[in-house]
Structure formats: C-alpha cells, structure tokens
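J.: Sharing a structure, written as structure tokens. Questions coming.
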Amino acid sequence: MKLFEKLFRARPPIRTRQELADFIDAQSAFIVQKGIYEYSRARAGHYAKVLFAEEGFAKSVEHSRWQAFPLGLSMVGETVDGVLRAHAGMQRRAVLDQTIVVVLSIFDRYPVPPSIGEVAWLEARRELERRLDLVGGHAPKRVMDIPEPLAESYFAMMPIHEKLRGRDFDTTRNYLRVSLCNIHDELVDRIDAAAVTSALLK
C-alpha cells in the first residue's frame with residue numbers, strides 16, 4: 001500500500017526560487033541523458049550491455065552528457081520563461097533576466113567536467129546565457145519548436161560514430177520535442193506561477 005501511495009502521490013508544488021532551480025536542473029539532465037542512453041542502446045542493439053561495459057565508451061557517454069547539459073538547460077529555461085511570461089505582465093523582461101540568473105546558477109553548481117575542460121565549459125556557459133537572452137526578443141515559441149535550433153547540435157554529440165548513426169536525426173528531434181512537451185506539462189501542473197514570479201522579482 002505504501003508503494004502504491006508513493007507511486008501515485010502528487011509531486012510537490014514549485015513555489016520558490018530554489019524549487020524552480022531544482023526542477024530545471026533535474027529536467028535538463030533528464031532530457032539530454034535519457035536521449036543519449038536510449039539512442040546508444042538502440043544503435044548497439046544486442047551488444048548494448050557489452051558496449052556500455054567498455055571503459056572507452058563509458059568515457060564517451062560521460063563526455064556527451066556533460067557536453068549536452070547546457071542544451072538541456074537552454075531548452076528547459078526557455079520553457080519556464082514561456083510559462084511565466086503570461087504572469088509577468090510589464091515585468092516580463094525582469095522575470096526572464098532572473099530566470100537566466102537561476103539557470104546559470106544551476107550550471108555553476110557543477111565543477112568543470114574533466115572531459116570538457118575549463119575553456120570549453122566557460123564558452124558553453126557564455127553560449128547558454130546568450131541563447132536565453134535572445135528568448136526575450138521574440139514571442140514565446142510553441143514548446144515543440146523550442147528544441148529546433150539545438151537538435152542538430154545535440155544529435156552530433158551522441159557517443160556513436162557518425163558513420164553508424166544512419167538517418168536518425170528526425171527520431172532524435174522528435175524525442176526532444178515530445179520530452180520537452182512532457183516537461184512543460186509537468187511544470188504547468190506543479191508551478192504556482194504567481195508565487196514563483198514574485199520570488200524571482202524579490
């Protein structure tokens with residue numbers, strides 16, 4: 001009975017800046033890592049267990065997931081802005097600016113991944129900030145369209161040799177679209193937009 005209750009218990013609401021940051025962090029990691037693992041397993045087929053047990057491939061996966069993490073932060077950050085913008089009114093730019101601060105604080109939670117290196121990691125942070133800043137220059141996108149500018153870059157990060165990837169780009173792009181729509185739906189269900197907006201503007 002306790003397991004049943006745990007499985008169907010409503011997820012906690014998002015009301016504070018910290019709760020928003022934790023949501024963005026978890027969902028950003030989830031969307032990029034799940035895609036990397038599932039795609040790699042699909043391409044490896046029956047040899048997936050053997051491949052994932054190899055030290056060299058494990059290092060490639062580790063590199064890919066850290067390389068892709070800023071893309072996840074960008075997509076989820078833009079999704080959050082789209083949800084909050086309707087509640088921000090005349091302060092929508094201020095809300096976006098504070099959302100960017102939150103997203104960058106998540107990036108800064110983590111030390112420089114050794115496989116990435118400090119120079120590339122700092123460049124990824126600058127590019128993340130630039131992408132999120134550009135969000136304020138246009139109307140909110142449909143959630144399914146948010147991954148479009150990043151899908152090719154994400155696909156190129158897969159730890160599978162490009163000659164073995166085949167014609168899988170559309171599948172990967174659709175995975176990002178569906179996953180981000182699911183993240184959006186969970187965010188809408190859990191967020192107290194008025195409280196979060198107020199917390200961001202304090």
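Convention: chains lettered A, B, ... in structure tokens order; per-chain residue numbering from 1; ligands numbered from 1 as shown.
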Using only C-alpha atoms, what does the table of range 92-119 of chain A residues within 10 Å of range 58-78 of chain A look like, with each row giving the shortest atom pair and its distance in Å to one decimal, sorted by chain and ascending number, as CSV?
T.:
residue,atom,partner,partner_atom,distance
A:Leu96,CA,A:Glu78,CA,8.9
A:Thr99,CA,A:Gly77,CA,7.2
A:Ile100,CA,A:Gly77,CA,7.4
A:Val102,CA,A:Gly77,CA,8.9
A:Val103,CA,A:Gly77,CA,6.6
A:Leu104,CA,A:Leu73,CA,8.6
A:Ile106,CA,A:Leu73,CA,8.4
A:Phe107,CA,A:Pro70,CA,7.4
A:Val112,CA,A:Trp66,CA,9.4
A:Pro113,CA,A:Trp66,CA,7.0
A:Pro114,CA,A:His63,CA,8.6
A:Ser115,CA,A:His63,CA,5.6
A:Ile116,CA,A:His63,CA,6.8
J.: Which neighbours of Gly35 in chain A fall inside 8 Å, counting only C-alpha atoms, when residues of the same chain fewer than 4 positions from it are skipped, and could you give them as a PyMOL selection string?
T.: chain A and resi 31+39+172+175-176
J.: Kindly save the residues from that selection, with all heavy atoms included, as a CSV table (one decimal), in the first residue's frame.
T.:
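Final file, result-v7.csv:
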chain,number,residue,atom,x,y,z
A,31,ILE,N,16.4,15.1,-19.8
A,31,ILE,CA,16.1,15.2,-21.2
A,31,ILE,C,17.3,14.8,-22.1
A,31,ILE,O,17.2,14.1,-23.1
A,31,ILE,CB,15.5,16.5,-21.7
A,31,ILE,CG1,14.9,16.4,-23.1
A,31,ILE,CG2,16.4,17.7,-21.6
A,31,ILE,CD1,14.1,17.6,-23.5
A,39,TYR,N,19.4,6.3,-27.2
A,39,TYR,CA,19.9,6.2,-28.6
A,39,TYR,C,21.1,5.2,-28.7
A,39,TYR,O,21.2,4.4,-29.6
A,39,TYR,CB,20.3,7.6,-29.1
A,39,TYR,CG,20.8,7.6,-30.5
A,39,TYR,CD1,19.9,7.4,-31.6
A,39,TYR,CD2,22.2,7.6,-30.8
A,39,TYR,CE1,20.4,7.4,-32.9
A,39,TYR,CE2,22.7,7.6,-32.1
A,39,TYR,CZ,21.8,7.4,-33.1
A,39,TYR,OH,22.2,7.4,-34.4
A,172,THR,N,15.6,11.6,-33.3
A,172,THR,CA,16.2,12.4,-32.1
A,172,THR,C,15.5,13.7,-31.9
A,172,THR,O,15.1,14.0,-30.8
A,172,THR,CB,17.7,12.6,-32.3
A,172,THR,OG1,18.4,11.3,-32.5
A,172,THR,CG2,18.3,13.3,-31.1
A,175,TYR,N,12.2,13.0,-30.4
A,175,TYR,CA,12.3,12.7,-29.0
A,175,TYR,C,12.4,13.9,-28.1
A,175,TYR,O,11.8,14.1,-27.1
A,175,TYR,CB,13.6,11.8,-28.8
A,175,TYR,CG,14.1,11.9,-27.3
A,175,TYR,CD1,13.5,11.2,-26.3
A,175,TYR,CD2,15.2,12.7,-27.0
A,175,TYR,CE1,13.9,11.3,-25.0
A,175,TYR,CE2,15.6,12.8,-25.7
A,175,TYR,CZ,15.0,12.1,-24.7
A,175,TYR,OH,15.4,12.3,-23.4
A,176,LEU,N,13.2,14.9,-28.6
A,176,LEU,CA,13.4,16.2,-27.8
A,176,LEU,C,12.0,16.9,-27.7
A,176,LEU,O,11.7,17.4,-26.7
A,176,LEU,CB,14.4,17.1,-28.5
A,176,LEU,CG,15.9,16.6,-28.4
A,176,LEU,CD1,16.8,17.5,-29.2
A,176,LEU,CD2,16.3,16.5,-26.9
